[in-house]
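Text of the file final-v2.csv, holding CSV, C-alpha atoms and all ligand atoms:
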```csv
chain,number,residue,atom,x,y,z
A,1,MET,CA,-15.8,10.0,-7.2
A,2,GLY,CA,-17.9,8.5,-10.0
A,3,LEU,CA,-20.8,6.1,-10.0
A,4,GLY,CA,-20.0,2.4,-9.5
A,5,VAL,CA,-17.3,2.7,-6.9
A,6,LEU,CA,-17.4,1.9,-3.2
A,7,SER,CA,-18.2,4.9,-1.0
A,8,ASP,CA,-18.6,3.2,2.4
A,9,GLY,CA,-16.1,5.6,4.0
A,10,LEU,CA,-13.8,2.7,5.2
A,11,ALA,CA,-10.8,3.9,3.2
A,12,PRO,CA,-11.3,7.6,2.6
A,13,THR,CA,-7.5,7.9,2.2
A,14,PRO,CA,-5.2,5.0,1.3
A,15,PRO,CA,-5.0,2.4,4.1
A,16,MET,CA,-1.8,2.4,6.1
A,17,GLY,CA,-0.3,-0.4,8.2
A,18,TRP,CA,2.2,-3.2,8.5
A,19,ASN,CA,2.2,-6.6,6.9
A,20,SER,CA,4.3,-9.6,7.8
A,21,TRP,CA,5.1,-10.9,4.3
A,22,ASN,CA,7.9,-8.8,2.8
A,23,ARG,CA,10.3,-9.3,5.7
A,24,PHE,CA,9.1,-12.5,7.4
A,25,GLY,CA,7.5,-14.6,4.7
A,26,PRO,CA,5.7,-17.6,6.2
A,27,PHE,CA,7.4,-17.2,9.6
A,28,VAL,CA,4.5,-15.5,11.4
A,29,SER,CA,3.6,-15.8,15.1
A,30,GLU,CA,1.6,-14.2,17.8
A,31,ARG,CA,4.8,-13.0,19.4
A,32,LEU,CA,6.1,-11.4,16.3
A,33,VAL,CA,2.8,-9.6,15.6
A,34,LEU,CA,2.4,-8.3,19.2
A,35,GLU,CA,6.1,-7.2,19.4
A,36,THR,CA,5.5,-5.4,16.1
A,37,ALA,CA,2.3,-3.8,17.3
A,38,ASP,CA,4.2,-2.5,20.4
A,39,ALA,CA,7.0,-1.2,18.1
A,40,LEU,CA,4.4,0.6,15.9
A,41,VAL,CA,3.2,2.4,19.0
A,42,GLU,CA,6.7,3.2,20.4
A,43,SER,CA,8.2,4.3,17.1
A,44,GLY,CA,5.4,6.8,16.5
A,45,MET,CA,4.3,4.9,13.4
A,46,ARG,CA,0.8,4.3,14.8
A,47,ASP,CA,0.4,8.0,15.5
A,48,ALA,CA,1.7,8.8,12.0
A,49,GLY,CA,-1.2,6.7,10.6
A,50,TYR,CA,0.0,3.1,10.3
A,51,ARG,CA,-3.1,1.4,11.7
A,52,TYR,CA,-3.6,-2.1,10.2
A,53,VAL,CA,-1.5,-4.9,11.5
A,54,VAL,CA,-1.8,-7.5,8.8
A,55,VAL,CA,-0.9,-11.2,9.3
A,56,ASP,CA,-0.2,-12.6,5.8
A,57,ASP,CA,0.0,-16.2,4.6
A,58,ALA,CA,0.9,-19.2,6.7
A,59,TRP,CA,-1.0,-18.5,9.9
A,60,HIS,CA,-3.0,-21.6,9.4
A,61,GLU,CA,-3.3,-25.2,10.5
A,62,SER,CA,-2.8,-27.5,7.4
A,63,ALA,CA,-6.5,-28.4,7.3
A,64,ARG,CA,-9.9,-27.0,8.3
A,65,ASN,CA,-11.5,-28.2,11.5
A,66,ASP,CA,-14.4,-30.7,11.7
A,67,ASP,CA,-16.9,-27.8,11.4
A,68,GLY,CA,-15.3,-26.8,8.2
A,69,ASP,CA,-13.7,-23.6,9.6
A,70,LEU,CA,-10.2,-22.3,9.1
A,71,VAL,CA,-8.0,-22.7,12.2
A,72,GLU,CA,-4.9,-20.8,13.3
A,73,ASN,CA,-1.7,-22.7,13.9
A,74,ARG,CA,-1.8,-23.4,17.6
A,75,TRP,CA,2.0,-23.4,18.0
A,76,ALA,CA,2.5,-20.0,16.4
A,77,PHE,CA,-0.7,-18.5,17.8
A,78,PRO,CA,-1.2,-20.3,21.1
A,79,ARG,CA,-3.8,-17.8,22.4
A,80,GLY,CA,-5.8,-17.8,19.2
A,81,MET,CA,-6.8,-15.2,16.6
A,82,ARG,CA,-9.6,-13.7,18.7
A,83,ASN,CA,-7.2,-12.9,21.5
A,84,LEU,CA,-4.7,-11.5,19.0
A,85,ALA,CA,-7.3,-9.2,17.6
A,86,ASP,CA,-8.2,-8.0,21.1
A,87,GLU,CA,-4.6,-7.3,21.9
A,88,ILE,CA,-4.1,-5.4,18.7
A,89,HIS,CA,-7.3,-3.4,19.3
A,90,ARG,CA,-6.2,-2.6,22.9
A,91,ARG,CA,-3.1,-0.9,21.4
A,92,GLY,CA,-5.3,1.4,19.3
A,93,LEU,CA,-4.6,-0.5,16.1
A,94,SER,CA,-6.7,-2.6,13.7
A,95,PHE,CA,-6.3,-6.2,12.6
A,96,GLY,CA,-5.8,-7.5,9.1
A,97,LEU,CA,-5.7,-11.2,8.0
A,98,TYR,CA,-5.0,-13.0,4.8
A,99,THR,CA,-6.9,-15.6,2.8
A,100,ASP,CA,-6.9,-16.7,-0.8
A,101,ALA,CA,-9.7,-16.9,-3.3
A,102,GLY,CA,-8.7,-20.3,-4.7
A,103,THR,CA,-8.3,-23.8,-3.4
A,104,ARG,CA,-5.0,-23.3,-1.6
A,105,THR,CA,-3.0,-20.2,-0.4
A,106,CYS,CA,0.2,-19.4,-2.1
A,107,GLN,CA,2.0,-21.2,0.7
A,108,GLY,CA,-0.2,-24.3,0.3
A,109,TYR,CA,-2.6,-23.8,3.3
A,110,PRO,CA,-6.4,-24.2,3.1
A,111,ALA,CA,-8.0,-21.3,1.1
A,112,SER,CA,-11.6,-20.1,0.6
A,113,LEU,CA,-13.0,-21.1,-2.7
A,114,GLY,CA,-16.6,-22.1,-2.0
A,115,ASN,CA,-16.3,-21.0,1.6
A,116,GLU,CA,-16.4,-17.2,1.1
A,117,THR,CA,-19.4,-16.6,3.4
A,118,ARG,CA,-18.1,-19.0,6.1
A,119,ASP,CA,-14.6,-17.6,6.1
A,120,ALA,CA,-15.7,-13.9,6.1
A,121,GLN,CA,-17.9,-14.7,9.1
A,122,ARG,CA,-15.0,-16.5,10.8
A,123,PHE,CA,-12.8,-13.4,10.3
A,124,ALA,CA,-15.6,-11.1,11.5
A,125,ASP,CA,-16.1,-13.3,14.6
A,126,TRP,CA,-12.3,-13.0,15.3
A,127,GLY,CA,-12.5,-9.2,15.1
A,128,VAL,CA,-10.7,-8.7,11.7
A,129,ASP,CA,-10.9,-5.2,10.2
A,130,PHE,CA,-9.0,-5.8,6.9
A,131,MET,CA,-9.1,-8.9,4.6
A,132,LYS,CA,-6.4,-9.5,2.1
A,133,VAL,CA,-7.7,-12.0,-0.5
A,134,ASP,CA,-4.9,-13.5,-2.7
A,135,TRP,CA,-5.1,-15.3,-6.0
A,136,CYS,CA,-3.0,-18.5,-6.0
A,137,HIS,CA,-4.6,-21.8,-7.2
A,138,THR,CA,-7.5,-20.2,-9.0
A,139,ALA,CA,-7.4,-22.0,-12.3
A,140,GLY,CA,-10.5,-21.3,-14.3
A,141,LEU,CA,-11.6,-18.4,-12.2
A,142,ARG,CA,-11.8,-14.7,-13.2
A,143,GLY,CA,-11.2,-11.9,-10.8
A,144,ARG,CA,-14.1,-9.8,-11.9
A,145,THR,CA,-16.6,-12.6,-11.1
A,146,THR,CA,-14.9,-14.0,-8.0
A,147,TYR,CA,-14.1,-10.9,-5.9
A,148,PRO,CA,-17.7,-9.7,-5.9
A,149,LYS,CA,-18.5,-12.8,-3.9
A,150,TRP,CA,-16.2,-11.4,-1.2
A,151,THR,CA,-17.9,-8.0,-1.3
A,152,GLU,CA,-21.2,-9.9,-0.6
A,153,ALA,CA,-19.7,-12.2,2.0
A,154,ILE,CA,-18.2,-9.3,3.9
A,155,ARG,CA,-21.5,-7.3,3.7
A,156,ALA,CA,-23.4,-10.3,5.1
A,157,THR,CA,-21.2,-10.3,8.3
A,158,ARG,CA,-22.2,-6.7,9.0
A,159,ARG,CA,-18.7,-6.0,10.2
A,160,PRO,CA,-16.9,-3.3,8.4
A,161,MET,CA,-13.8,-4.8,6.8
A,162,VAL,CA,-11.5,-3.3,4.2
A,163,LEU,CA,-11.2,-5.7,1.2
A,164,SER,CA,-7.7,-5.8,-0.2
A,165,ILE,CA,-7.8,-7.5,-3.6
A,166,CYS,CA,-4.6,-9.3,-4.5
A,167,GLU,CA,-4.8,-10.7,-8.1
A,168,TRP,CA,-1.6,-9.1,-9.4
A,169,SER,CA,-3.4,-7.3,-12.3
A,170,ARG,CA,-4.3,-10.5,-14.1
A,171,ASP,CA,-7.9,-9.3,-14.9
A,172,LYS,CA,-7.2,-5.6,-15.1
A,173,PRO,CA,-8.7,-4.9,-11.7
A,174,TRP,CA,-8.7,-1.1,-12.1
A,175,GLU,CA,-11.5,-1.7,-14.7
A,176,TRP,CA,-13.9,-3.4,-12.2
A,177,ALA,CA,-12.5,-3.4,-8.7
A,178,GLY,CA,-13.6,0.1,-7.7
A,179,SER,CA,-17.1,-1.2,-6.9
A,180,VAL,CA,-15.8,-4.4,-5.4
A,181,GLY,CA,-12.9,-3.7,-2.9
A,182,HIS,CA,-11.0,-0.8,-1.4
A,183,MET,CA,-7.7,-1.5,-3.0
A,184,TRP,CA,-6.3,-3.8,-5.6
A,185,ARG,CA,-2.8,-4.9,-6.5
A,186,THR,CA,-1.7,-3.6,-9.9
A,187,THR,CA,1.4,-5.7,-10.4
A,188,SER,CA,3.1,-9.0,-9.4
A,189,ASP,CA,5.1,-9.0,-6.1
A,190,ILE,CA,7.6,-6.3,-5.2
A,191,ALA,CA,11.2,-7.2,-4.4
A,192,ASP,CA,13.6,-5.2,-2.3
A,193,THR,CA,15.5,-3.8,-5.3
A,194,TRP,CA,15.7,-0.5,-7.1
A,195,ALA,CA,14.8,-2.3,-10.4
A,196,SER,CA,11.6,-3.7,-8.9
A,197,VAL,CA,10.5,-0.4,-7.5
A,198,MET,CA,11.1,1.4,-10.8
A,199,ASP,CA,9.4,-1.4,-12.9
A,200,ILE,CA,6.3,-1.2,-10.7
A,201,ALA,CA,6.3,2.7,-10.8
A,202,ALA,CA,6.4,2.6,-14.6
A,203,ARG,CA,3.3,0.3,-14.7
A,204,GLN,CA,1.3,2.9,-12.7
A,205,ALA,CA,1.6,5.7,-15.2
A,206,ASP,CA,-1.8,5.2,-16.8
A,207,LEU,CA,-3.8,4.2,-13.8
A,208,HIS,CA,-4.4,7.6,-12.1
A,209,GLU,CA,-8.0,8.0,-13.3
A,210,TYR,CA,-9.1,4.8,-11.6
A,211,ALA,CA,-8.2,5.7,-8.0
A,212,GLY,CA,-10.0,7.8,-5.4
A,213,PRO,CA,-11.5,7.7,-1.9
A,214,ASP,CA,-12.4,4.1,-0.9
A,215,HIS,CA,-10.9,2.6,-4.1
A,216,TRP,CA,-7.1,2.7,-4.6
A,217,ASN,CA,-4.6,1.2,-6.9
A,218,ASP,CA,-2.1,-0.9,-4.9
A,219,PRO,CA,1.4,-1.1,-6.2
A,220,ASP,CA,2.3,-3.5,-3.4
A,221,MET,CA,3.7,-3.2,0.1
A,222,LEU,CA,6.7,-1.2,1.1
A,223,GLU,CA,10.3,-2.5,1.2
A,224,VAL,CA,11.6,0.5,3.1
A,225,GLY,CA,14.0,-0.7,5.8
A,226,ASN,CA,14.5,-4.2,4.5
A,227,GLY,CA,18.2,-3.7,3.5
A,228,GLY,CA,18.3,-4.2,-0.3
A,229,MET,CA,18.3,-0.5,-1.2
A,230,SER,CA,20.1,2.7,0.1
A,231,ASP,CA,18.1,5.2,2.1
A,232,GLU,CA,18.2,7.5,-0.9
A,233,GLU,CA,16.5,4.8,-3.0
A,234,TYR,CA,14.0,4.1,-0.2
A,235,ARG,CA,13.2,7.8,-0.1
A,236,THR,CA,12.4,7.6,-3.9
A,237,HIS,CA,10.4,4.4,-3.4
A,238,PHE,CA,8.4,6.0,-0.6
A,239,SER,CA,7.9,9.3,-2.5
A,240,LEU,CA,6.6,7.5,-5.6
A,241,TRP,CA,4.1,5.5,-3.5
A,242,ALA,CA,3.0,8.8,-1.8
A,243,MET,CA,2.5,10.4,-5.2
A,244,LEU,CA,0.5,7.3,-6.4
A,245,ALA,CA,-1.9,7.6,-3.4
A,246,ALA,CA,-0.8,4.0,-2.7
A,247,PRO,CA,-1.8,2.1,0.4
A,248,LEU,CA,1.3,2.5,2.7
A,249,VAL,CA,1.9,-0.9,4.2
A,250,ALA,CA,5.3,-1.2,5.9
A,251,GLY,CA,7.0,-4.5,5.3
A,252,ASN,CA,10.1,-4.2,7.5
A,253,ASP,CA,11.1,-5.4,11.0
A,254,VAL,CA,9.6,-2.5,12.9
A,255,ARG,CA,11.1,-3.8,16.1
A,256,ALA,CA,14.7,-3.3,14.9
A,257,MET,CA,14.5,-0.6,12.3
A,258,SER,CA,17.2,2.0,11.7
A,259,GLU,CA,16.6,5.7,12.5
A,260,GLY,CA,16.9,6.2,8.7
A,261,ALA,CA,14.0,3.9,8.0
A,262,ARG,CA,11.9,5.3,10.7
A,263,ALA,CA,12.5,8.8,9.5
A,264,ILE,CA,11.4,7.9,5.9
A,265,LEU,CA,8.3,6.0,7.1
A,266,THR,CA,7.1,8.8,9.3
A,267,ALA,CA,8.1,11.9,7.2
A,268,PRO,CA,5.1,14.0,8.0
A,269,GLU,CA,4.9,16.2,4.9
A,270,VAL,CA,5.4,13.2,2.6
A,271,LEU,CA,2.7,11.2,4.4
A,272,ALA,CA,0.4,14.2,4.0
A,273,VAL,CA,0.7,13.9,0.2
A,274,ASP,CA,-0.2,10.2,0.3
A,275,GLN,CA,-3.1,10.9,2.6
A,276,ASP,CA,-4.4,14.0,0.9
A,277,PRO,CA,-8.2,14.0,1.2
A,278,ARG,CA,-8.7,14.8,-2.5
A,279,GLY,CA,-7.3,11.4,-3.3
A,280,SER,CA,-6.0,12.2,-6.8
A,281,GLN,CA,-3.3,9.8,-7.9
A,282,ALA,CA,-0.3,11.4,-9.7
A,283,ARG,CA,0.2,11.5,-13.4
A,284,ARG,CA,3.6,11.0,-14.9
A,285,VAL,CA,4.1,14.3,-16.7
A,286,ARG,CA,7.5,13.6,-18.2
A,287,ARG,CA,9.8,10.7,-18.7
A,288,ASP,CA,13.3,11.2,-20.3
A,289,ASP,CA,16.4,9.0,-20.5
A,290,VAL,CA,17.2,9.3,-16.9
A,291,SER,CA,14.7,11.6,-15.3
A,292,GLU,CA,11.0,11.6,-14.7
A,293,VAL,CA,8.5,14.0,-13.2
A,294,TRP,CA,5.2,13.1,-11.5
A,295,ALA,CA,2.5,15.6,-10.4
A,296,ARG,CA,-0.8,15.4,-8.5
A,297,PRO,CA,-3.3,18.1,-7.4
A,298,LEU,CA,-3.9,18.4,-3.7
A,299,ALA,CA,-7.1,19.3,-1.8
A,300,ASP,CA,-5.8,22.8,-0.8
A,301,GLY,CA,-5.3,23.8,-4.4
A,302,THR,CA,-1.6,23.3,-4.5
A,303,HIS,CA,0.3,20.5,-6.4
A,304,ALA,CA,2.7,17.9,-5.2
A,305,VAL,CA,5.6,17.4,-7.7
A,306,LEU,CA,8.2,14.6,-7.7
A,307,LEU,CA,11.5,14.8,-9.6
A,308,VAL,CA,13.4,11.5,-10.0
A,309,ASN,CA,16.8,10.7,-11.2
A,310,ARG,CA,16.6,7.1,-12.5
A,311,GLY,CA,20.2,7.2,-13.8
A,312,ASP,CA,23.5,6.1,-12.4
A,313,ALA,CA,25.2,9.5,-12.5
A,314,ARG,CA,24.2,12.9,-11.1
A,315,ALA,CA,21.6,14.6,-13.2
A,316,ASN,CA,19.7,17.8,-13.4
A,317,VAL,CA,15.9,17.2,-13.4
A,318,VAL,CA,13.5,19.9,-14.5
A,319,ALA,CA,9.8,20.1,-13.6
A,320,ARG,CA,8.0,22.6,-15.9
A,321,TRP,CA,4.9,24.3,-14.5
A,322,ASP,CA,3.1,24.0,-17.9
A,323,GLU,CA,3.6,20.2,-17.7
A,324,VAL,CA,2.6,20.0,-14.1
A,325,LEU,CA,-0.6,22.0,-14.8
A,326,ASP,CA,-1.1,20.4,-18.3
A,327,ALA,CA,-1.8,24.0,-19.5
A,328,LYS,CA,0.2,26.4,-21.6
A,329,GLY,CA,1.3,29.7,-20.3
A,330,SER,CA,3.9,31.0,-18.0
A,331,ARG,CA,3.3,30.6,-14.2
A,332,ARG,CA,5.0,31.4,-11.0
A,333,GLY,CA,5.0,28.9,-8.2
A,334,ASN,CA,5.9,29.0,-4.6
A,335,VAL,CA,8.0,25.9,-3.8
A,336,ARG,CA,8.4,24.0,-0.5
A,337,ASP,CA,10.6,20.9,-0.1
A,338,LEU,CA,8.7,18.2,1.7
A,339,TRP,CA,11.6,16.0,2.7
A,340,GLU,CA,13.6,19.0,4.0
A,341,ARG,CA,10.5,20.6,5.4
A,342,ALA,CA,11.7,24.0,4.2
A,343,ASP,CA,10.5,26.7,1.9
A,344,VAL,CA,12.5,27.0,-1.3
A,345,GLY,CA,11.0,30.3,-2.7
A,346,GLU,CA,9.3,31.5,-5.8
A,347,ARG,CA,10.2,30.0,-9.2
A,348,ASP,CA,9.2,31.2,-12.6
A,349,GLY,CA,8.1,28.6,-15.1
A,350,TYR,CA,10.0,25.6,-13.7
A,351,TYR,CA,11.9,24.1,-10.8
A,352,ASP,CA,15.1,22.1,-11.3
A,353,ARG,CA,17.3,20.1,-9.0
A,354,THR,CA,20.6,18.3,-9.5
A,355,LEU,CA,20.1,14.9,-8.0
A,356,ALA,CA,22.4,12.1,-6.9
A,357,PRO,CA,21.8,8.8,-8.7
A,358,HIS,CA,18.4,7.3,-7.8
A,359,ALA,CA,17.6,10.3,-5.6
A,360,CYS,CA,14.5,12.4,-5.8
A,361,ALA,CA,13.1,15.8,-4.8
A,362,LEU,CA,9.5,16.0,-3.6
A,363,VAL,CA,8.0,19.5,-3.5
A,364,LYS,CA,4.7,21.2,-3.0
A,365,VAL,CA,3.9,24.1,-5.3
A,366,ALA,CA,1.4,26.9,-4.8
A,367,PHE,CA,0.9,28.6,-8.1
A,368,THR,CA,0.3,32.3,-8.0
B,401,LIG,C1,1.4,-13.7,-3.1
B,401,LIG,C2,1.0,-12.3,-2.7
B,401,LIG,C3,2.0,-11.7,-1.7
B,401,LIG,C4,1.9,-12.6,-0.4
B,401,LIG,C5,2.2,-14.1,-0.8
B,401,LIG,C6,2.0,-15.0,0.4
B,401,LIG,O1,2.6,-13.8,-3.7
B,401,LIG,O2,1.0,-11.4,-3.9
B,401,LIG,O3,1.7,-10.4,-1.3
B,401,LIG,O4,0.7,-12.5,0.2
B,401,LIG,O5,1.4,-14.5,-1.9
B,401,LIG,O6,2.2,-16.3,0.1
```
Once more with this new file: its structure as structure tokens, please.
Ligand code: GLA
Amino acid sequence: MGLGVLSDGLAPTPPMGWNSWNRFGPFVSERLVLETADALVESGMRDAGYRYVVVDDAWHESARNDDGDLVENRWAFPRGMRNLADEIHRRGLSFGLYTDAGTRTCQGYPASLGNETRDAQRFADWGVDFMKVDWCHTAGLRGRTTYPKWTEAIRATRRPMVLSICEWSRDKPWEWAGSVGHMWRTTSDIADTWASVMDIAARQADLHEYAGPDHWNDPDMLEVGNGGMSDEEYRTHFSLWAMLAAPLVAGNDVRAMSEGARAILTAPEVLAVDQDPRGSQARRVRRDDVSEVWARPLADGTHAVLLVNRGDARANVVARWDEVLDAKGSRRGNVRDLWERADVGERDGYYDRTLAPHACALVKVAFT
């Protein structure tokens, strides 16, 4: 961890949780959020690490109250945000809430420009643990001068809150956000398609040096379980995010998810890669016509290696140890498959797998 980055210990590993946006858009309510919190507990997701329950855009009344404060929509949140936070905390979870740095949220609700201190205090009073600050309606503003106001506003509340910066990479946040917030979006919004996942992944290839404990690149929330991709594709999406040390924010209907989605979201050895305490984001060590290989060093001295078949036909993908280690010379590696949770054995010089279209293999390698 270098100088000039946050080191407050609030996000030592990438934050994990659930957010309403990808699946429910503006249709948020107290009932949805509490049913989801219960489902996070019952499905084992909370115990797997999914901790922040984040209410995204459109929780608001259409105007501030007479005191100038943001107000929750009373139809959707009849018992209020303070009560919702208490209910979430009672379930052993943490509470996240959304605002926007400009004049209106993306859905057109009141936003926080000029009210940063007031709104951070309002969130703190409600018991919020995680603030997502979006970037709609910010004409004339710059991320690198606007978000530090949020760092200050949160500090002034004296309540620890994760700051999730959401300016879609407009102002190259990796260059400045490490000292400002705990995570920052590196792209525009994800969609529930294979093309979107692979487009986002490609944009992360040069960002590994900017991430680490308490400051993470955020390639956006997960689409696992939302129906637009096959389980094979969702496994690749999830493996890429784990390699990228990405915040893992589920975006599906946890109350009604398939066993396949649950198995992906809670795969213990894959989650362990994402949450590895060393916090080193993967490098893309090879990209060919249809295949690519990513690698990241782990805290125990081993390496995680991801082999992906981007193509539409079966393909053999090769991970070479000299490329994984970025060092010449022949090496032997002991390979374990992290999805199968099974040892593969020793391999000299490389590991290769024939993969179905859009499939991946995620392995851990102990070099001897
Ligand atoms: C933007 C953000 C999304 C979501 C929506 C809500 O598009 O990038 O993650 O918060 O706004 O309106």
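Atom CA of Gln275 of chain A sits 18.4 Å away from atom CA of Leu40 of chain A.
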Residues up to 8 Å from ligand LIG 401 (chain B), counting only C-alpha atoms and all ligand atoms: could you list those as a list in words? Trp21, Asn22, Gly25, Pro26, Asp56, Asp57, Ala58, Tyr98, Thr105, Cys106, Gln107, Lys132, Asp134, Trp135, Cys136, Cys166, Glu167, Trp168, Arg185, Ser188, Asp189, Asp220 and Met221 of chain A
Using all atoms listed in the file, which of A:Val254, A:Ala177, A:Ala85, A:Val335 sits nearest Leu32 of chain A? A:Val254
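Minimum atom-to-atom distances from A:Arg23, A:Lys364, A:Arg235, A:Arg104 to Val133 of chain A were compared using all atoms listed in the file, and the lowest value belongs to A:Arg104.
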Could you name the residues that touch Thr138 of chain A at 7 Å or less, counting all atoms listed in the file, but leaving out those on the same chain fewer than 6 positions away, as a PyMOL selection string? chain A and resi 101-103
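Nearest to Arg283 of chain A of all the residues A:Gly329, A:Arg203, A:Gly225, A:Ala256 is A:Arg203, counting only C-alpha atoms.
Closest to Arg314 of chain A among A:Thr354, A:Asn334, A:Ser112, A:Thr302 is A:Thr354, based on all atoms listed in the file.
Minimum distance to Arg142 of chain A across A:Arg170, A:Ser164, A:Trp126, A:Gln204 (counting only C-alpha atoms) occurs at A:Arg170.
Here atom CA of Arg82 of chain A is placed at a distance of 25.0 Å from atom CA of Met183 of chain A.
Considering the residues A:Val180, A:Phe367, A:Arg278, A:Ser291 and counting all atoms listed in the file, Trp321 of chain A has its shortest atom-to-atom contact with A:Phe367.
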Which residues are close to Ser43 of chain A, i.e. within 12 Å by only C-alpha atoms, leaving aside same-chain residues fewer than 2 positions away? Reply as a PyMOL selection string. chain A and resi 35-41+45-50+253-259+261-263+265-266
How would you write as a PyMOL selection string the residues that get within 12 Å of (-17.7, 7.0, -2.8) in the file's frame, counting all atoms listed in the file? chain A and resi 1-13+178-182+211-216+278-279
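Between atom CA of Leu97 of chain A and atom CA of Trp150 of chain A the interatomic distance comes to 14.0 Å.
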Hey, could you patch up segment 117-129 of chain A with N, CA and C atoms and hand it over as a CSV table (one decimal), in the frame of the given file?
```csv
chain,number,residue,atom,x,y,z
A,117,THR,N,-18.5,-17.1,2.4
A,117,THR,CA,-19.4,-16.6,3.4
A,117,THR,C,-18.9,-17.1,4.8
A,118,ARG,N,-18.6,-18.4,4.9
A,118,ARG,CA,-18.1,-19.0,6.1
A,118,ARG,C,-16.9,-18.3,6.6
A,119,ASP,N,-15.9,-18.1,5.7
A,119,ASP,CA,-14.6,-17.6,6.1
A,119,ASP,C,-14.7,-16.1,6.5
A,120,ALA,N,-15.5,-15.3,5.7
A,120,ALA,CA,-15.7,-13.9,6.1
A,120,ALA,C,-16.3,-13.8,7.4
A,121,GLN,N,-17.3,-14.7,7.7
A,121,GLN,CA,-17.9,-14.7,9.1
A,121,GLN,C,-16.9,-15.1,10.2
A,122,ARG,N,-16.1,-16.0,9.9
A,122,ARG,CA,-15.0,-16.5,10.8
A,122,ARG,C,-14.1,-15.3,11.1
A,123,PHE,N,-13.7,-14.6,10.1
A,123,PHE,CA,-12.8,-13.4,10.3
A,123,PHE,C,-13.6,-12.3,11.1
A,124,ALA,N,-14.8,-12.1,10.8
A,124,ALA,CA,-15.6,-11.1,11.5
A,124,ALA,C,-15.7,-11.5,13.0
A,125,ASP,N,-16.0,-12.8,13.2
A,125,ASP,CA,-16.1,-13.3,14.6
A,125,ASP,C,-14.7,-13.1,15.4
A,126,TRP,N,-13.7,-13.2,14.7
A,126,TRP,CA,-12.3,-13.0,15.3
A,126,TRP,C,-12.1,-11.5,15.5
A,127,GLY,N,-12.8,-10.6,14.9
A,127,GLY,CA,-12.5,-9.2,15.1
A,127,GLY,C,-11.6,-8.6,14.0
A,128,VAL,N,-11.6,-9.2,12.8
A,128,VAL,CA,-10.7,-8.7,11.7
A,128,VAL,C,-11.3,-7.4,11.2
A,129,ASP,N,-10.4,-6.5,10.8
A,129,ASP,CA,-10.9,-5.2,10.2
A,129,ASP,C,-10.5,-5.1,8.8
```
